[in-house]
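Undergrad: The structure is given below, and queries will be raised subsequently.
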Amino acid sequence: MRSVIGDGRVESNGARSLDDRQRSIADAIGHAAHLLPAQGPITTFVHHNTLHAFEGLPFEEALDRAAATFGCHPYLREERYREELDSGRIQIGDLADVLRCDLLDRADENIAGLTTRYELRFAMLRFPLRSGNDAELRWLIDEADALRTFSTDIPTATRQLLRKGTRNWLASTIVDDDDGLNQLAETLKLRMRSGTLDQSDDASWDAPTLEVLWRLCHRGVELVPPMTGPQKPAIRLRDIVRSLTNEDSDALVNDVLIRFCAAFLDQGIARWRLPERDAGFWNAFLALYQNGKPVESWMTDLPAELRRIASAKLSPMDSICESLDMIGITESQLPQFIEETLLALRGWAGMIWQMETNAEWTQYPAPRGTLEAYLAVRLILERLALKHIAKKAKLNTPLRELCHQFSGTGHDATSVGKSLCAFHLFQLAQHLEWTADKLARISVGDWATIIQEMAQFSSRERRRVFHLAYERRYRDQALNAVSSHIRDQAQSRTHTSESRARPAYQVVCCIDEREESFRRHLEEIAPACETFGFAGFFGVAMYYRGVTEARFHPLCPVVVKPKHYIQEDPLSTFEDASRHQAETRRRIGRAAHRVHLGSRTFIGGLFTSLFGAIATMPLVMRILFPRAAARWMHRFGAIVRPGATRLRVERIEDEPGSSEGHIGYSVPEMTGIVGNVLRAMGLTRNIAQLVMFVGHGSSSMNNPHAAAYDCGACGGGCGGPNARAFAQMANDPRVRQRLAAEGLAIPDDTHFVGCSHNTCDDGLTYYDLDRVPVNLREAFSSARNDLHEASRRNAHERCRRFASADFPQSFEAALRHVEGRSADLSQVRPECGHATNALCFVGRRAWSRGLFLDRRAFLTSYDPTTDDERASLLGGLLNAVVPVCAGINLEYFFSYVDSNGYGCGTKLPHNITSLLGVMDGPLSDLRPGLPWQMVEIHDPVRILFLIETAPATLTRILDSAPSIAQLVRHRWVQLATLDPNDASIHLFQNDRFVPLDSSDAPLPTATSSTAWYDGKREHLPFARIAGSHAARRSTEKLR
Amino acid sequence: MNVDEVLQWLGRLVVIPPAILLLVLGLSAIFRRPLNERRVGRLTAGCVMSGLACAAAVLGVMLITGERHVPVEFGHWVVIPEEHFHFHLKLIFDRLSVPFVILSFVLVGTIGAFANRYLHREPGYDRFFVCFAMFLLGMIVASVAGTIETLFLGWELVGLSSALLVAFFHDRSNPVINGLRIWSIYRIADAAFLVAAVVLHRLTGAGDFEGLMGTGAWPLGAAALTSQQALIVGLLLLFAAAGKSALLPFSGWLPRAMEGPTPSSAVFYGALSVHLGAFLLLRVSPILELSGALSATVVVLGLASALFGAMAARVQSDAKTALAFASLTQVGIITAEIGFGLRYIALVHIIGHACLRTLQLLRAPSMLHDYHRIENAIGDHLPEGSSGIPGWIPRVGQSSIYRFSFERGHLDAMLDRFIVSPFVAIFRLCDEWEQHWTDFLTGGPSREFSARTTTTETAEEP
């Protein structure tokens, strides 16, 4: 009886500790999963902060932590910043200011009686210190002229001082404890006596001076005991074994795992599906690998091991516990170990996690627990591989002892560290005028202080300061430009009183920074029009199905889960024809699919390739004449595409849904959408006769990242249908009636038109034109001409950024060029996407109209004068705009800063895998992030929001919106306000708004946008575009 | 100038433009005076077009005059009579080489235009085009080669440029490892080729295909060898062809070659390079006729490779690897066709397959878009990829078939374990002995360079 109770207690204890262990493992997995890349299937590309997991930390700290976790660069390389310093992009004054702000009262602390901390750091920023490994340093010192002549950036006065110091040192030298130095002093004195070294001959003193300085620095470093930094002990056995044997177990393990993960997650590339795929990752792996005899010697034991696991019916979690015990991972090492293990193949692990948690809409999502199963499999493979490697290297210790025995092993880097440190000191001594006599008097403690100070201002720290100065320059320019532009406007307004005449027409675009130039050109062409910006889904959050599409897909920001469905139908008149077309499409589709699969098989391939020579025609055509080929294909495609369609916008039944009758919105819902959008933009009075809503998307060829170019506010889709639906709602008389009752009167003669702008080929598509009233036809066609002209000019402005387009002579040629780009199979840069984005304006267009923003600013329309006391409109806008713009901006930032680490490197070797993502070549980790070709011209600065409101109002909004507040307070974005009353600008710094002391420098003026940008490739400064009439004349010749 | 002279000149002009291209691009790279992208594009287009025009003209003249065999002499380049050594450059234009030359020009030229935009602003742009020119020259020389040493010259140029292009992204380790692997397999295949050439010379006194295969124009020639001799030479050549065309047991390198930029994968492995082995077999097809055993071997090897390729292609879940194995399937079939003596069909098959696969590989990044379009047209999810393995096979069998295909027939693993590892082990052993010996002689550690270094120095801390 007692023994039973006793046993039971023991067992329950054991079970509890096992439970605890499993819980902490599950926690660790959950924690590590957040660090994995959060990019889902590539077909719906959603821009998000690459370091989203670190958003809870201040920006700089997060970058540091992420750099340590992922082994990526937090900032640009130091040489790059120095180049920017030389080119003037970073101003030396900014650098000094930033450094002072960074150090605050620590700036002027004295360092070893030689200098202040500020001066030391400033010198380290200003002067590039040559570095190198041991051999390079030896060469620099022994062979090159480092000890013979001063480097060219040392001014003459400094040289003289240093020479004098050396003579003083010689004169006063007491017997030093360093033999080399004494010897040197003796030699120099001898040479002086013999006359080869003349007091008055300055040049001859260079070499002795430098040599003495070098010896002194070297001795100084030698005096100080070596500093051992906090070295992170290796926790993964793989790292330990690799440092012992030079063999990487990950190479073996990844090879198996990559192929298995790809087969498991495959959405339809492989013809044969993975056996037992439906039974989950764990069972599929067990089933596939427990039979047969692997040829690879490291996998010899795998089948037996898997059979044992299968017969013991171990769950993935049991297996993880077991593996951890075998490797000898203690409780305290657990979180870090699991994190590092999952990050070893982070692209695939991340995709598994995404497919498990966030991809129920795909054809084959992964069941819950797949990441756990992945970890279990990985650990089994790892321990087998490690055992094999250890055995081969004759390390005959069990794995778990190996871990304890060698976990401290790291290589000894002190000798390299010491000479490098001495060499840096030597260079700094020259720049900072540390003369020999000064250095000779320094105590050991002081040497230690200097060395420590230098070590503290590491490369990463220097780059951080550089980066702050880099960002500051652009921020100052932008804010000064706005304030100067507003001043100019105020002056010119005194001459011509502002007219509040009804605008010719109004155009509402997406806030996307690519539409900035489109709007600017349009305003130049048609000064009587007005433009607005609103997030490109125009309030219509919906699932949409086009007439030729198979399924509904969401068109709204990713954070919104739409409830409504809208479908495109063929007009009733053409229904029969449309049915035939649909049938033809289906047949062509099936045939295409059969050919596609067939060409890879034995017999099918035989037939297709016997007739394969026919493929030469389209191949050669599409590569040599992409634009013509695309037009021809389009014409052919039109045969099976219904010509006239309409949207089913209005719902009959009560509940929204995707089935017949439930599709669409009710009239009150439509009223809500139209009213909200118009009010948010401040478009509640002075509404023109014609209001165009322009959504946007992008079309490109051969581009796995195509979705990343589409409208971010539509979750990586094209916003055209949203614009079309909005226009249809706003044209509904019942909607207008209800709005009028709410006090928002849309004039009866106003008509809304939906439109879509292709940001790649700059084409414009208009919807439902036959509904335009007769009396507006003329007004519409003239507006359409303006829009067309604006899109041609937009193409022209975009061409300046393409190195392969040499500044087209006419707008028409530019349009042809971008059309060709969009249809070109070989084009890896169909457009520049969001590259260079840096600003977001929230406010009335009036104060930014006429300002050249170089396609770098998101423009959100908001009218503070129509908002209520609590600024509830603004609050709603910011909740949507800030996370979206910050996501885009930060993704570009990180993909640019470390293209191979955070981005996905160059596009050229990319290989579509499992229809989910891309690998480099045939076998690599999945590559999330943006490709280099997409971010190539980006300027990595954190986005600056300039919001037209009072600082107090914005503070209130921040207090009530924690998600925005976190981004702002932790400095992931920059924030400034423009006061609607007195146009003063406040910048958010150190948790409060500080007024900007703007400079009075006038803005440069150009007659037209074209005149300002033509012939230039680089980022352009801000400019004021003068009167649009003048603009028209000057660009006439380009037509 | 009579027709013959015109043909002679045209024949030379087919080879000269690619040589000029390689010379110009190569020299500009050596002297670090890179041409700008536009010039490279124009130069490539010009050279390809002029070569293509000459090849077409040769074809035209041959069709009009009814001439079926045009030899073009470049003479003996090296002659050492005492050693019975001579290096004889000679081109042949016949029904095999002319279509192959035209195919090479068309595909390589198209890829050149593609790559000129695709590699725009890429750091390795110049390097790519030097390899590209080398490949073009190699391909053309191999196609029109009239002697086995000429063929070998072209063959080597193709091999070298291919391996370099696989390792194009040399800042990552995988491309370099795979490039080296392919290079090794090529070298082994080349060794077989070289031995075959030597044997041929021994047997016939010259490497001239004419002397070897009788005087008839392709494919009607008859070789002057005994059946036994044909078998030996033929097997050696088959070995060489298998290495180049990734037939069994060398198939493992084909997917590995997808490391390079998309256009190079397309032209080199999808289209031309992989067919070079089949071309070699076509060229020496008269030998095949002499030995039934040899023909049978060719057929079996071809069919086995095709079957293997078809199985492996069905389980690959990435675009380029799937295409690589699909290519292998067709190359296997082509090889079998050659074994069966269906030479014209094999030729048509090569041309069709090369064009089709090039287009498919160039469009590989469009796969998502294509699937989406097909889905929309059909109006539903793609028809489910049914397990496809015939149902009558028991489950365990299905699993083994899947596993076999999934592991790509364990080919690379077997090469590694049973050939590479013992080979390396023997040399390591010798090395160890040597070290013991030198240590003993010096009375201490004698080789500091063999001490392992585990640290990799990075330029800047991340």
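Residue numbering restarts at 1 for every chain of the structure tokens, chains are lettered A, B, ... in their displayed order, and ligands are numbered from 1 as they appear.
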Please find the residues of chain B near chain A - the criterion being any atom within 6 Å, counting only C-alpha atoms - and write them as a PyMOL selection string.
TA: chain B and resi 114+117-118+258-262+310+314-319+326+349+352-353+355-356+359+365-366+374+376-380+385+387-388+413+454+462
Undergrad: Those selected residues, please, written with N, CA and C atoms and delivered as an mmCIF file, in the first residue's frame.
TA:
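Final file, result08.cif:
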data_model
loop_
_atom_site.group_PDB
_atom_site.id
_atom_site.type_symbol
_atom_site.label_atom_id
_atom_site.label_comp_id
_atom_site.auth_asym_id
_atom_site.auth_seq_id
_atom_site.Cartn_x
_atom_site.Cartn_y
_atom_site.Cartn_z
ATOM 1 N N PHE B 114 18.514 38.495 -73.725
ATOM 2 C CA PHE B 114 17.820 38.382 -72.433
ATOM 3 C C PHE B 114 18.754 38.782 -71.294
ATOM 4 N N ARG B 117 19.712 42.446 -70.400
ATOM 5 C CA ARG B 117 18.818 43.210 -69.532
ATOM 6 C C ARG B 117 18.724 42.583 -68.145
ATOM 7 N N TYR B 118 18.736 41.260 -68.119
ATOM 8 C CA TYR B 118 18.548 40.565 -66.848
ATOM 9 C C TYR B 118 19.700 40.862 -65.892
ATOM 10 N N MET B 258 21.715 24.573 -61.339
ATOM 11 C CA MET B 258 20.760 25.682 -61.343
ATOM 12 C C MET B 258 21.184 26.808 -60.399
ATOM 13 N N GLU B 259 22.434 26.772 -59.932
ATOM 14 C CA GLU B 259 22.914 27.811 -59.028
ATOM 15 C C GLU B 259 23.119 29.147 -59.718
ATOM 16 N N GLY B 260 23.397 29.101 -61.009
ATOM 17 C CA GLY B 260 23.758 30.329 -61.714
ATOM 18 C C GLY B 260 22.541 31.210 -61.950
ATOM 19 N N PRO B 261 22.759 32.376 -62.599
ATOM 20 C CA PRO B 261 21.636 33.234 -62.947
ATOM 21 C C PRO B 261 20.680 32.494 -63.905
ATOM 22 N N THR B 262 19.410 32.832 -63.864
ATOM 23 C CA THR B 262 18.414 32.124 -64.660
ATOM 24 C C THR B 262 18.788 31.922 -66.130
ATOM 25 N N ALA B 310 12.082 11.022 -65.311
ATOM 26 C CA ALA B 310 10.637 11.201 -65.224
ATOM 27 C C ALA B 310 10.166 11.014 -63.789
ATOM 28 N N ARG B 314 8.837 14.242 -61.021
ATOM 29 C CA ARG B 314 7.494 14.288 -60.448
ATOM 30 C C ARG B 314 7.469 14.655 -58.979
ATOM 31 N N VAL B 315 8.569 14.537 -58.285
ATOM 32 C CA VAL B 315 8.516 14.829 -56.854
ATOM 33 C C VAL B 315 9.218 16.136 -56.498
ATOM 34 N N GLN B 316 9.859 16.776 -57.450
ATOM 35 C CA GLN B 316 10.587 17.993 -57.100
ATOM 36 C C GLN B 316 9.603 19.124 -56.860
ATOM 37 N N SER B 317 9.842 19.880 -55.813
ATOM 38 C CA SER B 317 8.876 20.927 -55.510
ATOM 39 C C SER B 317 9.435 22.318 -55.739
ATOM 40 N N ASP B 318 10.524 22.442 -56.505
ATOM 41 C CA ASP B 318 10.922 23.779 -56.908
ATOM 42 C C ASP B 318 11.034 23.832 -58.428
ATOM 43 N N ALA B 319 10.781 25.010 -58.953
ATOM 44 C CA ALA B 319 10.604 25.156 -60.393
ATOM 45 C C ALA B 319 11.812 24.670 -61.183
ATOM 46 N N ALA B 326 13.115 17.173 -65.896
ATOM 47 C CA ALA B 326 12.315 17.018 -67.104
ATOM 48 C C ALA B 326 13.236 17.014 -68.326
ATOM 49 N N HIS B 349 14.290 16.022 -82.367
ATOM 50 C CA HIS B 349 13.962 16.002 -80.948
ATOM 51 C C HIS B 349 14.864 16.955 -80.163
ATOM 52 N N GLY B 352 13.784 20.606 -80.998
ATOM 53 C CA GLY B 352 12.515 20.964 -80.377
ATOM 54 C C GLY B 352 12.635 21.083 -78.870
ATOM 55 N N HIS B 353 13.287 20.101 -78.304
ATOM 56 C CA HIS B 353 13.408 20.097 -76.852
ATOM 57 C C HIS B 353 14.213 21.279 -76.348
ATOM 58 N N CYS B 355 14.566 24.238 -77.669
ATOM 59 C CA CYS B 355 13.791 25.488 -77.737
ATOM 60 C C CYS B 355 12.753 25.534 -76.627
ATOM 61 N N LEU B 356 12.019 24.449 -76.491
ATOM 62 C CA LEU B 356 10.951 24.410 -75.492
ATOM 63 C C LEU B 356 11.507 24.643 -74.088
ATOM 64 N N LEU B 359 12.632 28.219 -73.290
ATOM 65 C CA LEU B 359 11.504 29.094 -72.988
ATOM 66 C C LEU B 359 10.984 28.822 -71.577
ATOM 67 N N PRO B 365 10.575 32.037 -63.386
ATOM 68 C CA PRO B 365 10.079 32.940 -62.339
ATOM 69 C C PRO B 365 8.613 33.326 -62.518
ATOM 70 N N SER B 366 8.012 32.983 -63.679
ATOM 71 C CA SER B 366 6.597 33.318 -63.889
ATOM 72 C C SER B 366 5.676 32.251 -63.347
ATOM 73 N N ILE B 374 -3.936 29.931 -64.838
ATOM 74 C CA ILE B 374 -4.609 28.674 -65.181
ATOM 75 C C ILE B 374 -5.753 28.419 -64.208
ATOM 76 N N ASN B 376 -7.516 30.601 -62.619
ATOM 77 C CA ASN B 376 -8.620 31.487 -62.959
ATOM 78 C C ASN B 376 -9.378 30.984 -64.170
ATOM 79 N N ALA B 377 -8.638 30.500 -65.169
ATOM 80 C CA ALA B 377 -9.294 30.030 -66.383
ATOM 81 C C ALA B 377 -10.151 28.810 -66.065
ATOM 82 N N ILE B 378 -9.603 27.892 -65.298
ATOM 83 C CA ILE B 378 -10.357 26.682 -64.994
ATOM 84 C C ILE B 378 -11.498 27.006 -64.039
ATOM 85 N N GLY B 379 -11.310 28.029 -63.242
ATOM 86 C CA GLY B 379 -12.376 28.451 -62.340
ATOM 87 C C GLY B 379 -12.328 27.736 -61.003
ATOM 88 N N ASP B 380 -11.243 27.075 -60.700
ATOM 89 C CA ASP B 380 -11.149 26.382 -59.418
ATOM 90 C C ASP B 380 -9.682 26.158 -59.087
ATOM 91 N N GLY B 385 -2.908 17.229 -57.473
ATOM 92 C CA GLY B 385 -1.804 16.394 -57.937
ATOM 93 C C GLY B 385 -1.934 15.030 -57.317
ATOM 94 N N SER B 387 -1.610 11.232 -56.274
ATOM 95 C CA SER B 387 -0.325 10.644 -55.910
ATOM 96 C C SER B 387 0.369 10.100 -57.152
ATOM 97 N N GLY B 388 -0.391 9.709 -58.168
ATOM 98 C CA GLY B 388 0.209 9.434 -59.470
ATOM 99 C C GLY B 388 0.932 8.123 -59.552
ATOM 100 N N ALA B 413 24.888 10.566 -53.483
ATOM 101 C CA ALA B 413 25.336 9.958 -52.230
ATOM 102 C C ALA B 413 26.210 8.737 -52.529
ATOM 103 N N THR B 454 40.119 27.915 -37.912
ATOM 104 C CA THR B 454 38.660 27.835 -37.896
ATOM 105 C C THR B 454 38.014 29.201 -37.978
ATOM 106 N N PRO B 462 29.026 42.633 -37.874
ATOM 107 C CA PRO B 462 27.697 42.961 -38.343
ATOM 108 C C PRO B 462 26.968 43.859 -37.353
#
Undergrad: Which residue out of B:Ser173, B:Ser143, B:Thr358, B:Gln229 has the minimum interatomic distance to B:Ile287 when only C-alpha atoms are used?
TA: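 Ranking B:Ser173, B:Ser143, B:Thr358, B:Gln229 by distance to B:Ile287, first place goes to B:Gln229.
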Undergrad: Rank nothing, just name the residue among A:Gln974, A:Gln689, A:Ser698, A:Thr44 nearest to A:Pro773, using only C-alpha atoms.
TA: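 Nearest candidate to A:Pro773 out of A:Gln974, A:Gln689, A:Ser698, A:Thr44: A:Gln689.
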Undergrad: Which is closest to A:Phe122 among A:Ile525, A:Phe466, A:Gly165, A:Pro303, if we use only C-alpha atoms?
TA: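 With only C-alpha atoms as the atom set, the closest residue is A:Phe466.
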Undergrad: In terms of the shortest atom-to-atom distance over only C-alpha atoms, which of A:Ile389, A:Leu967, A:Cys509, A:Leu930 is closest to A:His52?
TA: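 Residue with the minimum atom-to-atom distance to A:His52: A:Leu967.
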Undergrad: Measuring atom to atom with only C-alpha atoms, identify which of A:Leu237, A:Leu851, A:Leu764, A:Cys321 is nearest to A:Asp786.
TA: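 Ranked by minimum distance to A:Asp786, first place goes to A:Leu764.
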Undergrad: Between atom CA of B:Ser97 and atom CA of B:Val300, what distance in Å does the model show, to one decimal?
TA: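 These two atoms are separated by 25.9 Å.
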Undergrad: Run DSSP on the backbone and tell me which residues of stretch 775-838 of chain A come out as helix (DSSP H, G or I); list them as an NGL selection string.
TA: :A and (775-799 or 811-823)
Undergrad: Those same residues, written as a compact mmCIF listing (two decimals), in the first residue's frame with C-alpha atoms?
TA:
# COMPACT_ATOMS: atom_id res chain seq x y z
CA ASN A 775 -23.81 66.81 -70.07
CA LEU A 776 -20.52 65.72 -68.49
CA ARG A 777 -19.13 63.87 -71.49
CA GLU A 778 -17.13 66.82 -72.67
CA ALA A 779 -15.82 67.69 -69.24
CA PHE A 780 -14.88 64.06 -68.80
CA SER A 781 -13.01 63.76 -72.06
CA SER A 782 -10.98 66.88 -71.31
CA ALA A 783 -10.21 65.54 -67.83
CA ARG A 784 -9.24 62.25 -69.39
CA ASN A 785 -6.82 64.03 -71.69
CA ASP A 786 -5.25 65.72 -68.68
CA LEU A 787 -4.92 62.43 -66.83
CA HIS A 788 -3.40 60.79 -69.84
CA GLU A 789 -0.92 63.60 -70.22
CA ALA A 790 -0.09 63.37 -66.52
CA SER A 791 0.57 59.66 -66.82
CA ARG A 792 2.87 60.23 -69.78
CA ARG A 793 4.81 62.83 -67.81
CA ASN A 794 4.82 60.51 -64.86
CA ALA A 795 6.43 57.86 -67.05
CA HIS A 796 8.97 60.45 -68.12
CA GLU A 797 9.84 61.34 -64.54
CA ARG A 798 10.14 57.67 -63.62
CA CYS A 799 12.54 57.05 -66.49
CA PHE A 811 6.85 61.99 -72.97
CA GLU A 812 5.50 59.57 -75.54
CA ALA A 813 8.86 57.81 -75.82
CA ALA A 814 8.95 57.54 -72.04
CA LEU A 815 5.52 55.93 -72.02
CA ARG A 816 6.64 53.45 -74.65
CA HIS A 817 9.68 52.65 -72.56
CA VAL A 818 7.74 51.85 -69.41
CA GLU A 819 5.24 49.82 -71.41
CA GLY A 820 8.11 47.77 -72.77
CA ARG A 821 9.51 47.30 -69.27
CA SER A 822 6.26 45.98 -67.97
CA ALA A 823 6.00 43.38 -70.74
Undergrad: Excluding same-chain residues fewer than 4 positions from A:Ala535, what lies within 10 Å of it counting only C-alpha atoms, as a list in words?
TA: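 The residues that qualify are Val508, Cys509, Cys510, Ile511, Asp512, Gly539, Cys556, Pro557, Val677, Gly695, Cys711, Gly712, Ala713, Cys714, Gly719, Phe858, Leu859, Thr860, Ser861, Leu877, Ala880, Val881 and Val884 of chain A.
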Undergrad: Hey, what's within 7 Å of stretch 853-856 of chain A if we count only C-alpha atoms and toss same-chain stuff fewer than 6 positions away? As a PyMOL selection string, please?
TA: chain A and resi 513-514+516-517+836-839+1020+1022
Undergrad: Mind dumping the selected residues with N, CA and C atoms as a PDB file, in the first residue's frame?
TA:
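Listed below is the output, result12.pdb:
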ATOM      1  N   GLU A 513       3.356  56.774 -52.366  1.00  0.00           N
ATOM      2  CA  GLU A 513       4.278  57.831 -52.783  1.00  0.00           C
ATOM      3  C   GLU A 513       4.542  57.797 -54.279  1.00  0.00           C
ATOM      4  N   ARG A 514       4.177  56.689 -54.947  1.00  0.00           N
ATOM      5  CA  ARG A 514       4.354  56.652 -56.400  1.00  0.00           C
ATOM      6  C   ARG A 514       3.326  57.523 -57.112  1.00  0.00           C
ATOM      7  N   GLU A 516       2.550  60.478 -56.017  1.00  0.00           N
ATOM      8  CA  GLU A 516       2.883  61.881 -55.767  1.00  0.00           C
ATOM      9  C   GLU A 516       3.206  62.589 -57.070  1.00  0.00           C
ATOM     10  N   SER A 517       4.045  61.956 -57.886  1.00  0.00           N
ATOM     11  CA  SER A 517       4.440  62.617 -59.129  1.00  0.00           C
ATOM     12  C   SER A 517       3.258  62.713 -60.085  1.00  0.00           C
ATOM     13  N   THR A 836      12.988  54.706 -52.184  1.00  0.00           N
ATOM     14  CA  THR A 836      13.221  56.118 -51.828  1.00  0.00           C
ATOM     15  C   THR A 836      12.137  56.705 -50.913  1.00  0.00           C
ATOM     16  N   ASN A 837      11.119  55.935 -50.543  1.00  0.00           N
ATOM     17  CA  ASN A 837      10.082  56.532 -49.697  1.00  0.00           C
ATOM     18  C   ASN A 837      10.686  57.023 -48.383  1.00  0.00           C
ATOM     19  N   ALA A 838      10.272  58.204 -47.947  1.00  0.00           N
ATOM     20  CA  ALA A 838      10.909  58.807 -46.780  1.00  0.00           C
ATOM     21  C   ALA A 838       9.987  59.726 -45.997  1.00  0.00           C
ATOM     22  N   LEU A 839       8.864  60.104 -46.578  1.00  0.00           N
ATOM     23  CA  LEU A 839       8.014  61.098 -45.929  1.00  0.00           C
ATOM     24  C   LEU A 839       6.578  60.636 -45.949  1.00  0.00           C
ATOM     25  N   LEU A1020      16.782  64.029 -55.695  1.00  0.00           N
ATOM     26  CA  LEU A1020      16.788  65.470 -55.953  1.00  0.00           C
ATOM     27  C   LEU A1020      16.337  66.240 -54.720  1.00  0.00           C
ATOM     28  N   PHE A1022      14.461  69.348 -52.612  1.00  0.00           N
ATOM     29  CA  PHE A1022      13.125  69.912 -52.737  1.00  0.00           C
ATOM     30  C   PHE A1022      13.173  71.172 -53.591  1.00  0.00           C
TER      31      PHE A1022
END
